[in-house]
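Trainee: Next up, start_12.txt (compact mmCIF, C-alpha atoms).
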# COMPACT_ATOMS: atom_id res chain seq x y z
CA MET A 1 -7.98 40.19 127.45
CA ARG A 2 -11.45 41.15 126.28
CA ILE A 3 -10.93 44.14 123.99
CA LEU A 4 -13.45 46.42 122.31
CA VAL A 5 -12.14 48.36 119.29
CA THR A 6 -14.08 51.40 118.10
CA GLY A 7 -13.76 52.64 114.53
CA ALA A 8 -13.04 49.05 113.54
CA SER A 9 -13.78 49.68 109.85
CA GLY A 10 -11.23 52.50 109.61
CA LEU A 11 -7.62 52.16 108.55
CA LEU A 12 -6.28 51.96 112.09
CA GLY A 13 -9.17 50.14 113.75
CA ALA A 14 -9.22 47.30 111.22
CA HIS A 15 -5.47 46.73 111.68
CA VAL A 16 -5.90 46.81 115.47
CA VAL A 17 -8.63 44.15 115.28
CA ALA A 18 -6.57 41.90 112.97
CA HIS A 19 -3.41 42.20 115.07
CA PHE A 20 -4.84 41.92 118.59
CA SER A 21 -7.27 39.10 117.74
CA ARG A 22 -4.28 36.79 117.18
CA LYS A 23 -3.88 36.65 120.94
CA HIS A 24 -6.87 38.32 122.61
CA ASP A 25 -10.68 38.20 122.61
CA VAL A 26 -11.43 41.16 120.34
CA THR A 27 -14.74 42.67 119.23
CA GLY A 28 -14.89 45.51 116.73
CA THR A 29 -17.59 48.12 116.35
CA ASP A 30 -18.30 50.76 113.72
CA ARG A 31 -21.20 52.42 111.93
CA HIS A 32 -19.73 51.10 108.66
CA PRO A 33 -19.52 47.38 107.76
CA SER A 34 -16.34 45.52 108.65
CA TRP A 35 -13.70 44.77 106.02
CA GLY A 36 -10.75 42.43 105.73
CA ASP A 37 -10.56 38.74 106.57
CA SER A 38 -10.57 38.82 110.37
CA GLU A 39 -13.17 36.56 111.97
CA ALA A 40 -13.41 38.70 115.12
CA PRO A 41 -16.99 39.51 116.25
CA PHE A 42 -18.31 42.83 114.94
CA LEU A 43 -21.08 45.11 116.22
CA LEU A 44 -22.60 47.37 113.55
CA GLY A 45 -24.00 50.60 114.96
CA ASP A 46 -23.39 54.24 115.88
CA LEU A 47 -21.70 54.83 119.24
CA LEU A 48 -23.18 58.33 119.28
CA ASP A 49 -26.45 56.54 120.08
CA PRO A 50 -26.35 56.07 123.90
CA GLU A 51 -28.48 52.92 123.69
CA PHE A 52 -26.14 51.26 121.20
CA LEU A 53 -23.11 52.28 123.27
CA LEU A 54 -24.65 50.68 126.37
CA ARG A 55 -25.54 47.50 124.44
CA ALA A 56 -21.98 47.24 123.11
CA MET A 57 -20.43 47.62 126.55
CA THR A 58 -22.88 45.13 128.06
CA ALA A 59 -22.26 42.57 125.32
CA VAL A 60 -18.46 42.74 125.44
CA GLU A 61 -17.73 43.73 129.07
CA PRO A 62 -14.29 44.90 127.91
CA GLU A 63 -11.16 44.94 130.00
CA VAL A 64 -9.63 47.27 127.37
CA VAL A 65 -11.25 49.75 124.99
CA ILE A 66 -9.04 50.86 122.07
CA HIS A 67 -10.80 53.98 120.83
CA CYS A 68 -9.89 54.55 117.17
CA ALA A 69 -13.15 56.13 115.98
CA ALA A 70 -12.64 59.78 115.03
CA MET A 71 -13.45 62.58 112.64
CA VAL A 72 -10.04 63.03 111.03
CA ASP A 73 -10.58 65.20 107.94
CA VAL A 74 -8.86 68.40 109.08
CA ASP A 75 -10.71 70.72 106.70
CA ALA A 76 -14.08 69.05 107.37
CA CYS A 77 -13.52 69.60 111.09
CA GLU A 78 -12.78 73.27 110.42
CA ASP A 79 -16.08 73.55 108.54
CA ASP A 80 -18.00 71.65 111.22
CA PRO A 81 -16.34 72.18 114.60
CA LEU A 82 -19.45 71.09 116.52
CA GLY A 83 -19.39 67.77 114.69
CA ALA A 84 -15.67 67.41 115.36
CA TYR A 85 -16.14 67.98 119.09
CA ALA A 86 -19.13 65.62 119.22
CA ILE A 87 -17.10 62.74 117.78
CA ASN A 88 -13.55 63.45 118.93
CA SER A 89 -14.28 64.78 122.42
CA ASP A 90 -17.82 64.14 123.65
CA LEU A 91 -17.93 60.55 122.37
CA THR A 92 -14.59 59.82 124.03
CA GLY A 93 -15.99 60.92 127.38
CA ALA A 94 -19.16 58.89 126.84
CA ILE A 95 -17.20 55.73 126.01
CA ALA A 96 -14.89 56.17 128.99
CA GLY A 97 -17.90 56.76 131.25
CA ALA A 98 -19.77 53.70 129.96
CA ALA A 99 -16.80 51.34 130.24
CA PRO A 100 -16.74 48.88 133.19
CA GLU A 101 -14.83 49.88 136.30
CA GLY A 102 -11.12 49.14 135.92
CA CYS A 103 -11.31 49.02 132.12
CA LEU A 104 -8.26 50.47 130.38
CA MET A 105 -9.21 53.36 128.06
CA VAL A 106 -6.80 53.63 125.12
CA TYR A 107 -7.31 56.86 123.16
CA VAL A 108 -5.47 57.27 119.86
CA THR A 109 -4.92 60.95 119.19
CA THR A 110 -2.82 63.18 116.97
CA ASP A 111 0.35 65.19 116.49
CA GLY A 112 -2.01 68.02 115.53
CA VAL A 113 -2.46 69.06 119.17
CA PHE A 114 0.72 71.17 118.83
CA SER A 115 1.24 74.51 117.11
CA GLY A 116 4.02 73.10 114.94
CA ASP A 117 6.71 75.64 115.72
CA LYS A 118 9.57 73.26 116.61
CA PRO A 119 10.63 69.67 115.86
CA PHE A 120 10.28 66.48 117.88
CA MET A 121 7.73 67.61 120.45
CA THR A 122 7.68 65.60 123.67
CA GLU A 123 4.97 64.62 126.14
CA THR A 124 6.03 67.49 128.41
CA ASP A 125 5.61 70.16 125.72
CA LEU A 126 2.47 72.25 126.05
CA PRO A 127 -0.23 71.53 123.42
CA CYS A 128 -1.49 74.52 121.45
CA PRO A 129 -3.53 73.31 118.46
CA ARG A 130 -4.13 75.55 115.47
CA THR A 131 -7.09 73.66 113.99
CA ALA A 132 -10.57 72.62 115.08
CA TYR A 133 -9.44 69.03 114.55
CA GLY A 134 -6.45 69.43 116.87
CA LYS A 135 -8.55 71.25 119.48
CA SER A 136 -11.26 68.57 119.45
CA LYS A 137 -8.68 65.78 119.80
CA LEU A 138 -7.00 67.60 122.70
CA HIS A 139 -10.38 67.87 124.42
CA GLY A 140 -10.75 64.14 123.76
CA GLU A 141 -7.48 63.55 125.60
CA TRP A 142 -8.83 65.48 128.57
CA SER A 143 -12.09 63.49 128.46
CA ALA A 144 -10.13 60.21 128.63
CA GLN A 145 -8.02 61.50 131.54
CA LEU A 146 -11.00 62.76 133.53
CA ALA A 147 -12.66 59.33 133.47
CA GLY A 148 -10.03 57.87 135.82
CA PRO A 149 -6.43 56.70 136.15
CA ASP A 150 -6.71 53.71 133.80
CA TYR A 151 -5.90 55.36 130.49
CA LEU A 152 -3.35 55.33 127.70
CA ILE A 153 -3.26 58.37 125.43
CA ILE A 154 -1.21 57.78 122.28
CA ARG A 155 -0.31 60.64 119.94
CA THR A 156 0.72 59.47 116.49
CA ASN A 157 0.72 59.98 112.72
CA PHE A 158 0.35 56.69 110.82
CA PHE A 159 -0.01 55.57 107.21
CA GLY A 160 -1.14 52.34 105.58
CA TRP A 161 -3.63 50.53 103.38
CA SER A 162 -7.35 50.95 104.07
CA SER A 163 -10.64 49.48 102.86
CA GLY A 164 -10.77 52.02 100.03
CA ARG A 165 -13.88 53.69 101.45
CA LYS A 166 -11.71 56.72 102.13
CA THR A 167 -8.30 57.15 100.51
CA SER A 168 -5.48 57.95 102.92
CA PHE A 169 -2.59 60.27 102.05
CA ALA A 170 -0.14 57.41 101.47
CA GLU A 171 -2.61 55.54 99.26
CA TRP A 172 -3.34 58.67 97.23
CA LEU A 173 0.38 59.31 96.86
CA TYR A 174 1.13 55.72 95.79
CA GLN A 175 -1.60 55.87 93.13
CA ALA A 176 -0.46 59.27 91.85
CA LEU A 177 3.16 58.12 91.57
CA GLU A 178 2.14 54.87 89.89
CA ARG A 179 0.01 56.71 87.32
CA GLN A 180 2.50 59.57 86.92
CA GLU A 181 -0.14 62.14 87.73
CA PRO A 182 1.16 65.71 88.21
CA ILE A 183 1.18 66.47 91.93
CA THR A 184 2.77 68.97 94.30
CA LEU A 185 4.39 67.88 97.57
CA PHE A 186 5.42 70.34 100.28
CA ASP A 187 9.10 70.54 101.19
CA ASP A 188 8.46 72.77 104.22
CA PHE A 189 5.86 70.62 106.02
CA PHE A 190 7.36 68.01 108.36
CA PHE A 191 6.02 64.99 110.21
CA SER A 192 7.28 61.71 111.72
CA PRO A 193 5.06 59.03 110.17
CA ILE A 194 4.87 55.38 111.24
CA TYR A 195 3.52 52.47 109.21
CA VAL A 196 0.24 51.31 110.76
CA SER A 197 1.40 47.71 111.31
CA ASP A 198 4.50 48.99 113.11
CA PHE A 199 2.30 51.25 115.22
CA VAL A 200 -0.16 48.51 116.18
CA GLY A 201 2.60 46.09 117.21
CA ARG A 202 4.15 48.69 119.47
CA LEU A 203 0.76 49.68 120.85
CA ARG A 204 0.45 46.07 121.98
CA LEU A 205 3.73 46.43 123.89
CA LEU A 206 2.25 49.33 125.85
CA ILE A 207 -1.04 47.59 126.63
CA GLU A 208 0.39 44.18 127.50
CA GLY A 209 3.20 45.83 129.46
CA GLY A 210 0.71 47.52 131.80
CA HIS A 211 1.78 51.05 130.89
CA ARG A 212 -0.43 54.05 131.65
CA GLY A 213 -0.37 57.74 130.82
CA LEU A 214 0.62 59.74 127.75
CA PHE A 215 2.97 58.50 125.02
CA HIS A 216 4.10 59.69 121.62
CA LEU A 217 4.41 56.79 119.17
CA CYS A 218 5.60 57.81 115.72
CA GLY A 219 8.43 56.99 113.35
CA LYS A 220 12.07 57.78 114.05
CA ASP A 221 12.51 60.31 111.24
CA ARG A 222 11.38 63.91 110.83
CA ILE A 223 10.64 64.14 107.12
CA SER A 224 8.95 66.52 104.66
CA LYS A 225 6.00 65.43 102.54
CA PHE A 226 8.23 65.79 99.46
CA ASP A 227 10.94 63.54 100.90
CA PHE A 228 8.29 61.05 102.01
CA GLY A 229 7.14 60.91 98.40
CA HIS A 230 10.70 60.48 97.18
CA LEU A 231 11.30 57.57 99.57
CA LEU A 232 8.04 55.92 98.49
CA ALA A 233 8.87 56.37 94.80
CA THR A 234 12.32 54.86 95.31
CA GLU A 235 10.95 51.86 97.22
CA ALA A 236 8.19 51.19 94.68
CA GLY A 237 10.33 51.89 91.61
CA PHE A 238 8.32 54.90 90.46
CA SER A 239 9.58 58.08 88.82
CA MET A 240 9.37 61.48 90.49
CA ASN A 241 9.20 63.28 87.14
CA ALA A 242 5.58 64.34 87.66
CA VAL A 243 6.18 65.64 91.18
CA THR A 244 6.72 69.34 91.88
CA LYS A 245 8.12 70.80 95.08
CA GLY A 246 5.80 73.28 96.73
CA SER A 247 5.38 75.33 99.88
CA ILE A 248 2.54 74.94 102.34
CA GLU A 249 2.60 78.75 102.57
CA ASN A 250 1.06 78.85 99.08
CA ALA A 251 -1.53 76.13 99.64
CA ARG A 252 -5.21 77.06 99.70
CA LEU A 253 -6.37 75.01 102.67
CA THR A 254 -9.44 75.59 104.81
CA ALA A 255 -7.68 74.89 108.10
CA PRO A 256 -4.34 76.47 109.06
CA ARG A 257 -1.69 73.76 109.22
CA PRO A 258 1.16 73.39 111.71
CA LYS A 259 4.40 73.33 109.69
CA ASP A 260 6.27 70.87 111.91
CA MET A 261 4.24 68.00 113.34
CA SER A 262 7.17 65.75 114.25
CA LEU A 263 7.04 63.96 117.60
CA SER A 264 9.70 62.41 119.80
CA SER A 265 9.04 58.77 120.75
CA VAL A 266 11.91 58.56 123.25
CA ARG A 267 9.58 58.08 126.24
CA PHE A 268 7.99 55.08 124.51
CA GLU A 269 11.40 53.63 123.67
CA ARG A 270 12.62 53.97 127.24
CA ALA A 271 9.43 52.48 128.69
CA THR A 272 9.33 49.45 126.39
CA ARG A 273 13.07 49.16 125.65
CA SER A 274 12.30 48.91 121.95
CA GLU A 275 12.94 51.19 119.00
CA VAL A 276 10.56 52.91 116.63
CA PRO A 277 11.23 52.28 112.91
CA SER A 278 12.70 54.57 110.31
CA CYS A 279 10.42 56.01 107.65
CA GLY A 280 12.25 54.04 104.97
CA ALA A 281 11.70 50.74 106.78
CA GLY A 282 8.02 51.50 107.21
CA LEU A 283 7.59 52.41 103.54
CA ALA A 284 9.33 49.17 102.53
CA ARG A 285 6.71 47.22 104.49
CA PHE A 286 3.93 49.43 103.11
CA VAL A 287 4.94 48.64 99.52
CA GLY A 288 5.50 44.96 100.29
CA ASP A 289 2.08 44.62 101.95
CA ARG A 290 0.12 45.97 99.01
CA GLY A 291 -2.69 43.57 98.20
CA ARG A 292 -2.18 41.43 101.31
CA SER A 293 -5.11 40.58 103.54
CA LEU A 294 -5.04 42.00 107.06
CA THR A 295 -4.38 38.65 108.71
CA ARG A 296 -1.44 37.99 106.37
CA LEU A 297 0.42 41.16 107.30
CA ARG A 298 3.78 40.39 108.84
CA ASP A 299 3.98 40.62 112.61
CA GLU A 300 7.13 42.61 113.38
CA THR A 301 6.63 42.61 117.16
CA ASN A 302 9.06 39.82 117.95
CA SER A 303 11.76 41.26 115.71
CA PHE A 304 11.91 44.73 117.26
CA LEU A 305 15.43 45.84 118.11
CA ILE A 306 15.51 45.64 121.89
CA MET A 307 17.88 48.25 123.22
CA THR A 308 20.56 47.31 125.75
CA SER A 309 20.30 50.74 127.39
CA PRO A 310 17.77 53.59 127.26
CA ARG A 311 18.33 55.92 124.34
CA GLU A 312 19.36 59.42 125.36
Spit out the file's structure as structure tokens when you get a sec.

Mentor:
Amino acid sequence: MRILVTGASGLLGAHVVAHFSRKHDVTGTDRHPSWGDSEAPFLLGDLLDPEFLLRAMTAVEPEVVIHCAAMVDVDACEDDPLGAYAINSDLTGAIAGAAPEGCLMVYVTTDGVFSGDKPFMTETDLPCPRTAYGKSKLHGEWSAQLAGPDYLIIRTNFFGWSSGRKTSFAEWLYQALERQEPITLFDDFFFSPIYVSDFVGRLRLLIEGGHRGLFHLCGKDRISKFDFGHLLATEAGFSMNAVTKGSIENARLTAPRPKDMSLSSVRFERATRSEVPSCGAGLARFVGDRGRSLTRLRDETNSFLIMTSPRE
């Protein structure tokens, strides 16, 4: 397939390009230079510029667009909601509208579209975002849906290694644990994270399997930020002596945070007859992949545990 990947210099987009280009004709695009060792074609420019967007679509003529570009800093979105909507919602609609007829629009969105009042939210639960970020991403989902029936909307929460241009939570945590810097991790804030390589491999199952609609694709476990840190420290052989338990209730954050962002991936598992990984398994791969180039990351797709019957 001819695939156009937006946000190809970000953590997710770069991994998508490296993984999908093993089998497909992939072109990445971003306003920042590419990174990693993938030899896939790359278009440098700003998709908010209608002329550049049109040139990119004309050059690639994609059969699939995997839209990873986003404004993801939750507090920055709260400070600049117009900017958040421009990138997370309006741009999504513009890309979907500019794509060739019959092109599959894949929109990667967030667990932050929910209020965070109960665990393991499903695709049938009603979104009710608390933040400008969550609201703008929900509007982005609607923009992708309104463009036509050929869409995949994937809600997730992933972690992994990036270019270093922006430090992700897992990278910051690894560095803090390694250096024994005093940090506080919340024990009352829950999520269901998935390692980015595990996410991308399973995303490929959805796209190549011809699936359409809305899916949650996260890790198997609902885990607090403190327990996530403890698992990472154990896997990497670091001490937790400099880590303090804290409550998100006492945090001074610009944007109000949902306290439980965990998602259920059962619909994905039933559709693809494959399992999502545990947090511990993902962290083991995260630690093992440190320093590896993108094209040398292990491809776990063929070793997924295929279920003999749908999980209840």

Trainee: Need the shell around A:Asp117: protein/DNA/RNA residues with any atom at most 8 Å away, counting only C-alpha atoms. Skip same-chain ones fewer than 3 positions apart. Format as a PyMOL selection string?

Mentor: chain A and resi 258-260

Trainee: What does the file look like for those residues with C-alpha atoms, as a PDB file, keeping the file's coordinate frame?

Mentor:
ATOM      1  CA  PRO A 258       1.160  73.390 111.710  1.00  0.00           C
ATOM      2  CA  LYS A 259       4.400  73.330 109.690  1.00  0.00           C
ATOM      3  CA  ASP A 260       6.270  70.870 111.910  1.00  0.00           C
TER       4      ASP A 260
END

Trainee: Please measure the separation of atom CA of A:Glu235 and atom CA of A:Ala284, giving the value in Å to one decimal.

Mentor: 6.2 Å

Trainee: Give me the residues of stretch 128-169 of chain A that have any atom at most 12 Å from an atom of stretch 56-66 of chain A; for each, the nearest atom pair and the distance in Å, rounded to one decimal. Use all atoms listed in the file, sort by chain and number, and format it as JSON lines.

Mentor:
{"residue": "A:Ala144", "atom": "CA", "partner": "A:Val65", "partner_atom": "CA", "distance": 11.1}
{"residue": "A:Asp150", "atom": "CA", "partner": "A:Val64", "partner_atom": "CA", "distance": 9.6}
{"residue": "A:Tyr151", "atom": "CA", "partner": "A:Val64", "partner_atom": "CA", "distance": 9.4}
{"residue": "A:Leu152", "atom": "CA", "partner": "A:Ile66", "partner_atom": "CA", "distance": 9.2}
{"residue": "A:Ile153", "atom": "CA", "partner": "A:Ile66", "partner_atom": "CA", "distance": 10.1}
{"residue": "A:Ile154", "atom": "CA", "partner": "A:Ile66", "partner_atom": "CA", "distance": 10.5}

Trainee: With 8 Å of padding per side, what axis-aligned box (centre and edge lengths, Å, one decimal) covers all the listed atoms of stretch 28-38 of chain A? Give it as JSON.

Mentor:
{"center_x": -15.9, "center_y": 45.6, "center_z": 111.2, "size_x": 26.6, "size_y": 29.7, "size_z": 27.0}

Trainee: Could you please give me, as a ChimeraX atom specification, the residues of protein, DNA or RNA lying at most 12 Å from (-8.8, 70.7, 115.0) in the coordinate frame of the file, considering only C-alpha atoms?

Mentor: /A:70-85,87-89,109-115,128-140,254-258

Trainee: Work out how far apart atom CA of A:Ala99 and atom CA of A:Ala40 are and give it in Å to one decimal.

Mentor: 20.0 Å

Trainee: So what do you get for atom CA of A:Ser274 versus atom CA of A:Met121, distance-wise?

Mentor: 19.3 Å

Trainee: Which residue out of A:Cys68, A:Ile183, A:Val26, A:Leu146 has the minimum interatomic distance to A:Gly7 when only C-alpha atoms are used?

Mentor: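 Answer, going by the shortest atom-to-atom distance: A:Cys68.
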
Trainee: Residues at most 9 Å from A:Gly237, counting all atoms listed in the file, excluding those fewer than 4 positions away in the same chain, as an mmCIF file with C-alpha atoms, keeping the file's coordinate frame?

Mentor:
data_model
loop_
_atom_site.group_PDB
_atom_site.id
_atom_site.type_symbol
_atom_site.label_atom_id
_atom_site.label_comp_id
_atom_site.auth_asym_id
_atom_site.auth_seq_id
_atom_site.Cartn_x
_atom_site.Cartn_y
_atom_site.Cartn_z
ATOM 1 C CA GLU A 178 2.140 54.870 89.890
ATOM 2 C CA LEU A 232 8.040 55.920 98.490
ATOM 3 C CA ALA A 233 8.870 56.370 94.800
#

Trainee: Pick the closest to A:Arg292 from A:Glu39, A:Ala8, A:Trp161, A:Gly102: which is it, counting only C-alpha atoms?

Mentor: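 The shortest atom-to-atom distance to A:Arg292 comes from A:Trp161.
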
Trainee: Name the residues in contact with A:Ser224 at a cut-off of 8 Å, using all atoms listed in the file, excluding same-chain residues fewer than 4 positions from it; report them as a PyMOL selection string.

Mentor: chain A and resi 186-191+228

Trainee: Which of these, A:Ser262, A:Ser9, A:Thr122, A:Ser197, has the shortest distance to A:Asn157 once you count only C-alpha atoms?

Mentor: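 Nearest candidate to A:Asn157 out of A:Ser262, A:Ser9, A:Thr122, A:Ser197: A:Ser262.
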
Trainee: Of the candidates A:Cys218, A:Arg22, A:Thr272, A:Thr6, which one gets nearest to A:Leu44 if we count only C-alpha atoms?

Mentor: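 For A:Leu44, the nearest of the given residues is A:Thr6.
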
Trainee: Calculated over all atoms listed in the file, which of the candidates A:Lys23, A:Arg165, A:Arg202, A:His211 has the smallest distance to A:Ala271?

Mentor: A:His211
